[in-house]
>>> print(open('work_28.cif').read())   # mmCIF, C-alpha atoms
data_target
loop_
_atom_site.label_atom_id
_atom_site.label_comp_id
_atom_site.auth_asym_id
_atom_site.auth_seq_id
_atom_site.Cartn_x
_atom_site.Cartn_y
_atom_site.Cartn_z
CA MET N 1 115.10 14.93 47.76
CA LEU N 2 118.67 15.73 48.80
CA ASN N 3 121.89 14.06 47.76
CA PRO N 4 124.68 15.14 50.11
CA LEU N 5 127.27 14.19 47.50
CA ALA N 6 125.78 16.38 44.79
CA PRO N 7 126.56 20.07 44.27
CA PRO N 8 123.86 22.45 45.46
CA ALA N 9 122.75 23.30 41.92
CA ALA N 10 122.04 19.65 41.13
CA ASN N 11 119.99 19.24 44.30
CA GLY N 12 118.00 22.27 43.43
CA ILE N 13 118.18 25.79 44.80
CA MET N 14 114.94 27.47 45.72
CA ASN N 15 114.17 30.55 43.74
CA ALA N 16 114.85 33.38 46.15
CA SER N 17 113.23 35.99 44.00
CA PRO N 18 111.71 38.84 45.96
CA PHE N 19 107.94 39.22 46.06
CA ASN N 20 106.49 40.17 42.69
CA CYS N 21 109.79 39.46 40.96
CA LEU N 22 111.17 36.58 38.98
CA ASP N 23 114.91 36.05 38.69
CA GLN N 24 116.28 34.28 35.63
CA SER N 25 119.90 33.46 34.87
CA GLY N 26 121.36 36.22 32.78
CA PHE N 27 124.70 37.11 31.27
CA TYR N 28 126.15 40.24 29.69
CA VAL N 29 129.18 40.13 27.46
CA TYR N 30 131.91 42.68 26.80
CA PRO N 31 134.33 41.83 23.97
CA ILE N 32 137.92 42.77 24.70
CA SER N 33 139.77 44.29 21.78
CA LEU N 34 142.83 46.31 22.74
CA THR N 35 146.03 47.29 21.04
CA GLY N 36 149.28 47.18 22.98
CA GLY N 37 149.11 49.49 25.97
CA GLN N 38 145.73 50.88 24.97
CA GLN N 39 143.33 52.15 27.61
CA LEU N 40 139.62 52.46 26.93
CA ASN N 41 137.54 54.39 29.41
CA ASN N 42 133.78 54.49 29.92
CA GLN N 43 133.14 51.37 27.94
CA SER N 44 129.51 50.41 28.39
CA VAL N 45 127.36 47.33 28.14
CA SER N 46 123.68 48.19 27.91
CA ILE N 47 121.17 46.49 30.17
CA LEU N 48 117.90 45.27 28.69
CA THR N 49 114.97 47.63 29.09
CA GLU N 50 112.67 45.17 30.84
CA PRO N 51 114.60 43.36 33.56
CA ASP N 52 117.00 44.72 36.14
CA PHE N 53 120.33 42.92 36.24
CA LEU N 54 121.99 41.55 39.36
CA TRP N 55 125.68 41.02 38.75
CA ARG N 56 127.05 38.19 40.89
CA GLY N 57 130.06 36.72 39.16
CA LEU N 58 132.85 37.58 36.74
CA LEU N 59 134.47 35.36 34.14
CA PHE N 60 136.89 36.42 31.44
CA THR N 61 139.37 35.12 28.96
CA SER N 62 141.99 37.12 27.10
CA THR N 63 145.13 36.69 25.06
CA GLY N 64 147.11 38.84 27.52
CA PRO N 65 146.87 40.51 30.91
CA PHE N 66 144.89 43.65 31.43
CA SER N 67 143.66 45.91 34.19
CA VAL N 68 140.03 46.83 34.66
CA ARG N 69 137.61 48.59 36.94
CA PHE N 70 133.85 48.63 36.97
CA GLN N 71 131.05 50.97 37.91
CA ASP N 72 127.86 49.98 39.69
CA GLY N 73 124.37 50.81 38.53
CA GLN N 74 124.65 54.33 39.86
CA GLN N 75 127.96 54.71 38.06
CA TYR N 76 130.09 54.71 41.16
CA TYR N 77 133.36 52.84 40.76
CA LEU N 78 133.69 49.56 42.63
CA SER N 79 137.43 50.07 43.15
CA ASN N 80 139.70 53.04 43.64
CA ASP N 81 141.98 52.01 40.80
CA LEU N 82 142.27 49.57 37.93
CA ILE N 83 142.56 45.96 39.10
CA MET N 84 145.01 43.62 37.43
CA SER N 85 143.36 40.68 35.75
CA ALA N 86 145.64 38.37 37.73
CA ASN N 87 143.96 39.64 40.89
CA LEU N 88 140.56 38.54 39.66
CA PRO N 89 141.12 34.77 39.56
CA ASN N 90 138.36 32.94 37.79
CA THR N 91 137.65 29.74 35.99
CA ALA N 92 134.64 28.62 34.01
CA GLY N 93 133.51 26.47 36.92
CA ASP N 94 134.45 28.99 39.60
CA PRO N 95 133.77 32.57 38.52
CA PHE N 96 135.09 35.47 40.59
CA PRO N 97 132.21 36.39 42.91
CA PHE N 98 130.80 39.86 43.41
CA PHE N 99 129.10 39.57 46.77
CA PRO N 100 126.31 39.96 47.51
CA GLU N 101 125.52 41.38 44.08
CA VAL N 102 125.73 44.61 42.10
CA PHE N 103 122.41 46.05 40.95
CA TYR N 104 121.91 47.56 37.49
CA PRO N 105 118.50 48.98 36.68
CA ALA N 106 116.65 48.04 33.54
CA GLY N 107 117.75 50.28 30.72
CA GLY N 108 120.97 51.13 32.51
CA LYS N 109 124.50 50.12 31.65
CA ILE N 110 127.60 48.44 33.02
CA VAL N 111 130.50 50.85 32.61
CA LEU N 112 134.12 49.81 32.76
CA ASP N 113 137.60 51.14 32.13
CA ILE N 114 140.12 48.70 30.72
CA LEU N 115 143.85 48.90 30.07
CA ASP N 116 146.03 46.47 28.18
CA THR N 117 149.14 45.57 30.15
CA SER N 118 150.55 42.98 27.79
CA GLY N 119 152.13 45.47 25.44
CA SER N 120 150.59 43.86 22.38
CA GLY N 121 147.20 43.20 20.86
CA ASN N 122 144.79 41.78 23.38
CA THR N 123 141.47 40.15 22.60
CA GLY N 124 139.01 38.17 24.64
CA GLN N 125 135.73 38.39 26.44
CA ILE N 126 134.43 39.54 29.81
CA LEU N 127 131.30 37.79 31.00
CA PHE N 128 129.09 39.36 33.65
CA ILE N 129 127.23 36.50 35.31
CA GLY N 130 124.09 37.09 37.29
CA ALA N 131 120.33 37.20 37.06
CA ASN N 132 117.77 39.21 35.15
CA ARG N 133 115.03 40.30 37.55
CA TYR N 134 111.61 40.66 35.95
CA ARG N 135 108.65 42.30 37.61
CA VAL N 136 105.67 39.99 37.60
CA SER N 137 102.16 40.11 39.01
CA GLY N 138 101.16 37.86 41.89
CA SER N 139 103.78 35.93 43.83
CA GLY N 140 106.20 35.76 40.92
CA ARG N 141 107.05 32.12 41.69
CA MET J 1 120.58 28.04 52.12
CA TYR J 2 117.22 26.37 52.62
CA ASP J 3 116.01 22.98 51.45
CA TYR J 4 114.57 22.69 48.02
CA GLN J 5 110.81 22.14 47.98
CA THR J 6 109.21 20.24 45.15
CA PRO J 7 105.83 21.84 44.42
CA ASP J 8 102.89 20.09 46.07
CA GLY J 9 101.32 17.41 43.94
CA TYR J 10 104.48 16.66 41.96
CA GLY J 11 107.33 14.19 42.24
CA ASP J 12 110.90 14.71 41.00
CA SER J 13 113.21 12.00 39.71
CA PHE J 14 116.74 12.39 38.36
CA PHE J 15 117.02 12.55 34.57
CA ILE J 16 119.47 13.54 31.84
CA TYR J 17 118.59 14.76 28.35
CA ASN J 18 121.36 14.50 25.80
CA PHE J 19 121.92 15.53 22.23
CA ASN J 20 124.34 14.09 19.65
CA GLY J 21 124.97 16.33 16.68
CA GLU J 22 125.34 13.52 14.15
CA ASP J 23 121.80 12.36 14.89
CA ILE J 24 120.18 15.53 13.49
CA PRO J 25 122.45 15.45 11.41
CA LEU J 26 124.61 18.52 11.84
CA THR J 27 127.31 19.33 9.31
CA ASN J 28 130.66 20.75 10.36
CA GLY J 29 131.11 24.40 9.50
CA ASN J 30 127.40 25.17 9.33
CA ASP J 31 125.21 27.35 11.52
CA TYR J 32 121.83 26.29 12.82
CA THR J 33 118.91 28.15 14.37
CA LEU J 34 116.48 26.77 16.94
CA VAL J 35 117.73 23.21 16.80
CA GLY J 36 115.66 21.25 19.26
CA ILE J 37 115.11 18.01 21.09
CA PRO J 38 111.72 17.20 22.59
CA ILE J 39 110.83 17.19 26.27
CA GLU J 40 108.51 14.28 26.93
CA ASP J 41 106.79 12.35 29.69
CA GLY J 42 106.76 15.15 32.20
CA MET J 43 108.20 18.58 32.88
CA PHE J 44 111.95 18.86 33.03
CA VAL J 45 113.72 21.03 35.56
CA CYS J 46 117.15 21.85 34.15
CA ARG J 47 119.89 22.46 36.72
CA VAL J 48 123.20 21.67 35.01
CA TRP J 49 124.35 21.97 31.38
CA SER J 50 127.47 20.48 29.82
CA GLY J 51 129.08 19.48 26.55
CA GLY J 52 128.59 22.55 24.40
CA ALA J 53 132.28 22.68 23.53
CA SER J 54 132.08 19.25 21.88
CA ILE J 55 129.43 20.43 19.40
CA VAL J 56 131.00 23.62 18.01
CA ASN J 57 134.46 24.91 17.14
CA VAL J 58 136.17 25.67 20.45
CA THR J 59 137.60 28.95 19.15
CA THR J 60 134.90 30.43 16.94
CA GLY J 61 131.80 28.39 17.69
CA THR J 62 128.94 29.62 19.83
CA VAL J 63 125.91 28.10 21.49
CA GLN J 64 122.87 30.05 22.59
CA MET J 65 120.27 28.28 24.70
CA TYR J 66 116.60 29.18 24.95
CA ASP J 67 114.32 28.52 27.86
CA GLY J 68 110.88 26.97 27.73
CA VAL J 69 109.26 30.06 26.23
CA LYS J 70 112.16 30.73 23.83
CA ASN J 71 113.77 33.46 25.86
CA ALA J 72 117.51 33.39 25.28
CA TRP J 73 119.77 32.65 28.22
CA PHE J 74 122.31 35.19 26.99
CA LEU J 75 122.16 38.71 25.70
CA TYR J 76 123.39 39.85 22.31
CA GLN J 77 126.37 37.65 21.58
CA PRO J 78 126.02 34.02 22.45
CA LEU J 79 128.44 32.71 25.05
CA LEU J 80 131.86 32.18 23.52
CA ILE J 81 132.86 28.58 23.73
CA GLY J 82 136.37 27.38 24.46
CA SER J 83 137.75 28.21 27.85
CA MET J 84 134.58 30.08 28.77
CA PHE J 85 132.36 27.02 28.86
CA PRO J 86 132.77 25.02 32.05
CA PRO J 87 132.73 21.22 32.09
CA ALA J 88 129.37 21.42 33.79
CA MET J 89 127.65 24.76 34.18
CA ALA J 90 125.14 25.20 36.96
CA VAL J 91 121.86 26.67 35.78
CA VAL J 92 120.72 28.91 38.59
CA PRO J 93 117.88 29.65 38.96
CA GLU J 94 116.79 26.38 37.45
CA LYS J 95 114.86 26.48 34.18
CA VAL J 96 111.60 24.55 33.86
CA TYR J 97 110.61 23.10 30.51
CA ARG J 98 106.99 22.03 30.14
CA ASP J 99 105.98 18.58 29.02
CA ASN J 100 105.85 18.32 25.21
CA SER J 101 108.04 21.38 24.79
CA ALA J 102 111.67 21.27 23.62
CA PHE J 103 115.21 22.34 24.28
CA ARG J 104 115.96 24.94 21.63
CA PHE J 105 119.39 26.31 20.81
CA ASP J 106 121.32 28.13 18.10
CA LEU J 107 124.67 26.79 16.97
CA ALA J 108 127.33 28.68 15.05
CA ASN J 109 130.27 26.99 13.34
CA VAL J 110 129.48 23.43 14.22
CA GLU J 111 132.44 21.12 14.70
CA LEU J 112 131.51 17.75 16.13
CA ALA J 113 134.20 16.30 18.35
CA VAL J 114 135.69 12.96 17.34
CA ASN J 115 137.98 10.45 18.98
CA GLN J 116 140.14 7.66 17.71
CA ASN J 117 138.89 4.25 18.65
CA GLY J 118 141.25 1.99 20.53
CA LEU J 119 142.19 -0.21 17.62
CA LEU J 120 145.61 -0.12 15.96
CA GLY J 121 145.38 2.49 13.20
CA GLY J 122 142.04 3.34 14.76
CA ALA J 123 139.19 4.94 12.90
CA SER J 124 137.41 8.09 14.08
CA VAL J 125 134.24 7.87 16.09
CA TYR J 126 131.91 10.66 17.12
CA ALA J 127 132.55 11.98 20.63
CA ASP J 128 130.18 14.96 20.72
CA GLN J 129 127.32 15.37 23.11
CA MET J 130 125.48 18.10 24.96
CA ALA J 131 123.69 17.09 28.13
CA TRP J 132 121.20 18.72 30.44
CA TYR J 133 120.91 17.36 33.97
CA GLY J 134 118.03 17.82 36.30
CA VAL J 135 114.79 16.15 37.30
CA LYS J 136 111.66 15.03 35.57
CA ARG J 137 108.72 16.51 37.40
CA ILE J 138 105.56 14.45 37.14
CA ARG J 139 102.17 15.37 38.52
CA GLY J 140 101.16 12.86 41.14
CA GLY J 141 104.57 11.23 41.02
CA VAL J 142 106.80 10.29 43.92
CA SER J 143 110.12 12.02 44.37
CA ASP J 144 113.29 9.95 44.46
CA PRO J 145 114.07 8.49 46.90
CA ALA J 146 110.60 7.59 48.11
CA PRO J 147 110.04 7.76 51.87
CA SER J 148 111.14 4.65 53.70
CA ASN J 149 108.50 2.49 55.36
CA TYR J 150 110.95 1.32 58.02
CA LYS J 151 113.45 2.92 60.35
CA TYR J 152 116.99 2.93 59.03
CA TYR J 153 120.44 4.42 59.34
CA GLU J 154 122.95 5.01 56.59
CA LYS J 155 126.48 3.72 56.13
CA PRO J 156 128.73 4.69 53.22
CA PHE J 157 129.09 1.86 50.77
CA SER J 158 130.38 1.41 47.23
CA TYR J 159 129.82 -1.14 44.51
CA PRO J 160 132.95 -1.12 42.33
CA ILE J 161 133.01 -2.68 38.93
CA THR J 162 135.93 -3.12 36.57
CA LEU J 163 135.17 -3.33 32.92
CA GLU J 164 136.94 -3.01 29.62
CA LEU J 165 135.19 -1.11 26.85
CA THR J 166 135.79 -2.57 23.45
CA ASN J 167 132.53 -1.79 21.71
CA TYR J 168 133.57 1.30 19.83
CA GLY J 169 131.36 3.75 18.00
CA PRO J 170 130.76 3.07 14.31
CA SER J 171 133.01 4.20 11.45
CA ASP J 172 132.78 3.72 7.71
CA GLY J 173 135.26 1.79 5.60
CA ALA J 174 137.48 4.86 5.21
CA GLY J 175 137.75 5.39 8.96
CA ASN J 176 135.33 8.33 9.14
CA PRO J 177 132.81 8.54 11.96
CA ILE J 178 129.21 7.75 11.12
CA PRO J 179 126.03 8.21 13.15
CA GLY J 180 124.77 5.42 15.29
CA LEU J 181 125.72 3.49 18.37
CA ALA J 182 127.79 0.41 18.88
CA ALA J 183 125.95 -2.64 20.12
CA PRO J 184 125.65 -1.96 23.85
CA THR J 185 126.97 -4.25 26.53
CA GLU J 186 124.83 -4.53 29.65
CA TYR J 187 126.54 -4.96 32.99
CA THR J 188 124.66 -6.06 36.09
CA ILE J 189 125.68 -5.39 39.66
CA LEU J 190 123.81 -7.38 42.27
CA ILE J 191 122.61 -5.34 45.25
CA GLN J 192 122.98 -7.53 48.28
CA ASP J 193 121.99 -7.56 51.94
CA PHE J 194 120.69 -4.00 52.23
CA ASP J 195 118.82 -1.44 50.19
CA PHE J 196 121.25 0.81 48.36
CA GLU J 197 120.72 4.46 47.56
CA LEU J 198 122.84 5.49 44.58
CA ARG J 199 124.19 9.01 45.02
CA ARG J 200 127.30 9.22 42.88
CA ILE J 201 129.05 7.42 40.05
CA THR J 202 132.80 7.90 39.63
CA VAL J 203 134.91 6.61 36.78
CA SER J 204 138.63 5.94 36.84
CA ILE J 205 140.37 5.19 33.58
CA ILE J 206 143.26 2.77 33.76
CA PRO J 207 145.70 3.18 30.86
CA ALA J 208 146.78 0.31 28.70
CA GLY J 209 149.36 -1.71 30.55
CA GLY J 210 147.69 -1.30 33.91
CA PRO J 211 147.93 1.27 36.68
CA PRO J 212 151.28 2.79 37.60
CA PRO J 213 153.14 1.02 40.41
CA SER J 214 152.38 2.28 43.90
#
>>> encode(input="work_28.cif", output="structure tokens")
Amino acid sequence: MLNPLAPPAANGIMNASPFNCLDQSGFYVYPISLTGGQQLNNQSVSILTEPDFLWRGLLFTSTGPFSVRFQDGQQYYLSNDLIMSANLPNTAGDPFPFFPEVFYPAGGKIVLDILDTSGSGNTGQILFIGANRYRVSGSGR
Amino acid sequence: MYDYQTPDGYGDSFFIYNFNGEDIPLTNGNDYTLVGIPIEDGMFVCRVWSGGASIVNVTTGTVQMYDGVKNAWFLYQPLLIGSMFPPAMAVVPEKVYRDNSAFRFDLANVELAVNQNGLLGGASVYADQMAWYGVKRIRGGVSDPAPSNYKYYEKPFSYPITLELTNYGPSDGAGNPIPGLAAPTEYTILIQDFDFELRRITVSIIPAGGPPPS
């Protein structure tokens, strides 16, 4: 069954989980709470202890601009400097992609540095969109 | 990207499950845990989710969905509604709900959306709904569309219909919204000359007074 006018998700996307794994949609949330000009380094979001996390998209909302940089699962930075939020365009229906994906092991953490550039209090939320990868016996599908 | 394969022995047909808060009933300002609507008459494969922002306060409300075995879709804090919730969020990978299971979700700070009906000094009517789009998967069923028993080719075609909605949702004597549905009006479009495969429905709203001049 294929409707060429429908988006891929509505037509159905085959589960591309690797052998012996099962991928399930997963999200991690970081609440933004900054005072004017404040920089917070080594902020962490803990990954569940059972599934690995594959980070594939970024979505955020905030009351003011900010700059941010992220670390991968081995705690290497993904950029050489803080990135302005304006350079990470995203909407709820079109998150900023991280291609192909960033791997975080189970029990690990997403680490980020964040800097308020609005000059006043800044609140919001960063949403890490991706998949939790569970190890399963058999084919996993 | 490779073609989707329905599991052998099953057939998929398009279906939408929806939920109206006033039918539970939900009360504005309250929180609810594991609210549910039943899945019946076959498995349901959920691929798209919409409408959460019309059920809870867009600034402080939250919705947390559970899958078929009550695993949460989100970690720790439920997804913040408001600008974070897209009009229609793709659910990838798709989530399969077994027959005779249920959609379960937590709601915090319920605020059911309302609209004014189109009458002068119009009363409020409920305008809240969450919807889950996907397919019903039935053992031994035939997937839509079924294979054709004759050779064919396709040509784009549309069946337009113009209608005016005047059957508003119900309100009480004080103009407050109340649960229930207005008496429905059934429209019929005759399919002529050739088989027609429906793939998309689009809606254009013409404001009172007609369309703007071209």
>>> resolve_selection(input="work_28.cif", expression="the PyMOL selection byres ((chain N and resi 58-72) around 6)", output="compact mmCIF listing (two decimals) with C-alpha atoms, in the coordinates of the input")
# COMPACT_ATOMS: atom_id res chain seq x y z
CA GLY N 57 130.06 36.72 39.16
CA GLY N 73 124.37 50.81 38.53
CA GLN N 74 124.65 54.33 39.86
CA GLN N 75 127.96 54.71 38.06
CA TYR N 76 130.09 54.71 41.16
CA TYR N 77 133.36 52.84 40.76
CA LEU N 78 133.69 49.56 42.63
CA LEU N 82 142.27 49.57 37.93
CA ILE N 83 142.56 45.96 39.10
CA MET N 84 145.01 43.62 37.43
CA SER N 85 143.36 40.68 35.75
CA ASN N 90 138.36 32.94 37.79
CA PRO N 95 133.77 32.57 38.52
CA PHE N 96 135.09 35.47 40.59
CA VAL N 111 130.50 50.85 32.61
CA LEU N 112 134.12 49.81 32.76
CA ASP N 113 137.60 51.14 32.13
CA ILE N 114 140.12 48.70 30.72
CA LEU N 115 143.85 48.90 30.07
CA ASP N 116 146.03 46.47 28.18
CA THR N 117 149.14 45.57 30.15
CA SER N 118 150.55 42.98 27.79
CA ASN N 122 144.79 41.78 23.38
CA THR N 123 141.47 40.15 22.60
CA GLY N 124 139.01 38.17 24.64
CA GLN N 125 135.73 38.39 26.44
CA ILE N 126 134.43 39.54 29.81
CA LEU N 127 131.30 37.79 31.00
CA PHE N 128 129.09 39.36 33.65
CA ILE N 129 127.23 36.50 35.31
>>> residues_around(input="work_28.cif", residues="N:Leu5", least_positions_apart="3", cutoff="10 Å", atoms="only C-alpha atoms", output="list in words")
Leu2, Pro8, Ala10 and Asn11 of chain N; Arg199 and Arg200 of chain J
>>> write_last_selection(input="work_28.cif", atoms="C-alpha atoms", output="short mmCIF file (atom, residue, chain, number, x, y, z; two decimals), in the coordinates of the input")
data_model
loop_
_atom_site.label_atom_id
_atom_site.label_comp_id
_atom_site.auth_asym_id
_atom_site.auth_seq_id
_atom_site.Cartn_x
_atom_site.Cartn_y
_atom_site.Cartn_z
CA LEU N 2 118.67 15.73 48.80
CA PRO N 8 123.86 22.45 45.46
CA ALA N 10 122.04 19.65 41.13
CA ASN N 11 119.99 19.24 44.30
CA ARG J 199 124.19 9.01 45.02
CA ARG J 200 127.30 9.22 42.88
#
>>> interface_residues(input="work_28.cif", of="chain N", to="chain J", cutoff="9 Å", atoms="all atoms listed in the file", output="compact mmCIF listing (two decimals) with C-alpha atoms, keeping the file's coordinate frame")
# COMPACT_ATOMS: atom_id res chain seq x y z
CA MET N 1 115.10 14.93 47.76
CA LEU N 2 118.67 15.73 48.80
CA ASN N 3 121.89 14.06 47.76
CA PRO N 4 124.68 15.14 50.11
CA LEU N 5 127.27 14.19 47.50
CA ALA N 6 125.78 16.38 44.79
CA ALA N 9 122.75 23.30 41.92
CA ALA N 10 122.04 19.65 41.13
CA ASN N 11 119.99 19.24 44.30
CA GLY N 12 118.00 22.27 43.43
CA ILE N 13 118.18 25.79 44.80
CA MET N 14 114.94 27.47 45.72
CA ASN N 15 114.17 30.55 43.74
CA ALA N 16 114.85 33.38 46.15
CA ASP N 23 114.91 36.05 38.69
CA GLN N 24 116.28 34.28 35.63
CA SER N 25 119.90 33.46 34.87
CA GLY N 26 121.36 36.22 32.78
CA PHE N 27 124.70 37.11 31.27
CA TYR N 28 126.15 40.24 29.69
CA VAL N 29 129.18 40.13 27.46
CA LEU N 48 117.90 45.27 28.69
CA LEU N 59 134.47 35.36 34.14
CA PHE N 60 136.89 36.42 31.44
CA THR N 61 139.37 35.12 28.96
CA THR N 91 137.65 29.74 35.99
CA ALA N 92 134.64 28.62 34.01
CA GLY N 93 133.51 26.47 36.92
CA ASP N 94 134.45 28.99 39.60
CA GLN N 125 135.73 38.39 26.44
CA LEU N 127 131.30 37.79 31.00
CA GLY N 130 124.09 37.09 37.29
CA ALA N 131 120.33 37.20 37.06
>>> resolve_selection(input="work_28.cif", expression="the PyMOL selection byres ((chain J and resi 117) around 12)", output="VMD selection string")
chain J and resid 114 to 116 118 to 127 165 to 171 175 to 177 182
>>> residues_around(input="work_28.cif", residues="stretch 25-40 of chain J", least_positions_apart="5", cutoff="10 Å", atoms="all atoms listed in the file", output="VMD selection string")
chain J and resid 17 to 20 55 to 57 61 to 66 68 70 97 to 113 136 179
>>> build_atoms(input="work_28.cif", residues="stretch 194-210 of chain J", atoms="N, CA and C atoms", output="mmCIF file, keeping the file's coordinate frame")
data_model
loop_
_atom_site.group_PDB
_atom_site.id
_atom_site.type_symbol
_atom_site.label_atom_id
_atom_site.label_comp_id
_atom_site.auth_asym_id
_atom_site.auth_seq_id
_atom_site.Cartn_x
_atom_site.Cartn_y
_atom_site.Cartn_z
ATOM 1 N N PHE J 194 121.376 -5.210 51.782
ATOM 2 C CA PHE J 194 120.690 -4.000 52.230
ATOM 3 C C PHE J 194 120.224 -3.205 51.018
ATOM 4 N N ASP J 195 119.199 -2.390 51.235
ATOM 5 C CA ASP J 195 118.820 -1.440 50.190
ATOM 6 C C ASP J 195 119.993 -0.510 49.941
ATOM 7 N N PHE J 196 120.124 -0.046 48.737
ATOM 8 C CA PHE J 196 121.250 0.810 48.360
ATOM 9 C C PHE J 196 120.708 2.045 47.679
ATOM 10 N N GLU J 197 121.140 3.178 48.149
ATOM 11 C CA GLU J 197 120.720 4.460 47.560
ATOM 12 C C GLU J 197 121.891 5.016 46.773
ATOM 13 N N LEU J 198 121.761 5.020 45.455
ATOM 14 C CA LEU J 198 122.840 5.490 44.580
ATOM 15 C C LEU J 198 122.879 7.015 44.608
ATOM 16 N N ARG J 199 124.043 7.560 44.951
ATOM 17 C CA ARG J 199 124.190 9.010 45.020
ATOM 18 C C ARG J 199 125.281 9.543 44.114
ATOM 19 N N ARG J 200 126.219 8.717 43.722
ATOM 20 C CA ARG J 200 127.300 9.220 42.880
ATOM 21 C C ARG J 200 127.909 8.066 42.100
ATOM 22 N N ILE J 201 128.305 8.364 40.871
ATOM 23 C CA ILE J 201 129.050 7.420 40.050
ATOM 24 C C ILE J 201 130.382 8.067 39.708
ATOM 25 N N THR J 202 131.474 7.399 40.003
ATOM 26 C CA THR J 202 132.800 7.900 39.630
ATOM 27 C C THR J 202 133.450 6.915 38.686
ATOM 28 N N VAL J 203 134.248 7.440 37.792
ATOM 29 C CA VAL J 203 134.910 6.610 36.780
ATOM 30 C C VAL J 203 136.399 6.876 36.822
ATOM 31 N N SER J 204 137.178 5.831 36.939
ATOM 32 C CA SER J 204 138.630 5.940 36.840
ATOM 33 C C SER J 204 139.078 5.175 35.604
ATOM 34 N N ILE J 205 139.903 5.807 34.815
ATOM 35 C CA ILE J 205 140.370 5.190 33.580
ATOM 36 C C ILE J 205 141.773 4.660 33.811
ATOM 37 N N ILE J 206 141.939 3.391 33.598
ATOM 38 C CA ILE J 206 143.260 2.770 33.760
ATOM 39 C C ILE J 206 143.888 2.671 32.370
ATOM 40 N N PRO J 207 145.095 3.221 32.206
ATOM 41 C CA PRO J 207 145.700 3.180 30.860
ATOM 42 C C PRO J 207 146.109 1.773 30.476
ATOM 43 N N ALA J 208 146.315 1.604 29.194
ATOM 44 C CA ALA J 208 146.780 0.310 28.700
ATOM 45 C C ALA J 208 148.091 -0.055 29.412
ATOM 46 N N GLY J 209 148.178 -1.294 29.810
ATOM 47 C CA GLY J 209 149.360 -1.710 30.550
ATOM 48 C C GLY J 209 149.159 -1.713 32.037
ATOM 49 N N GLY J 210 148.011 -1.246 32.496
ATOM 50 C CA GLY J 210 147.690 -1.300 33.910
ATOM 51 C C GLY J 210 148.028 -0.018 34.632
#
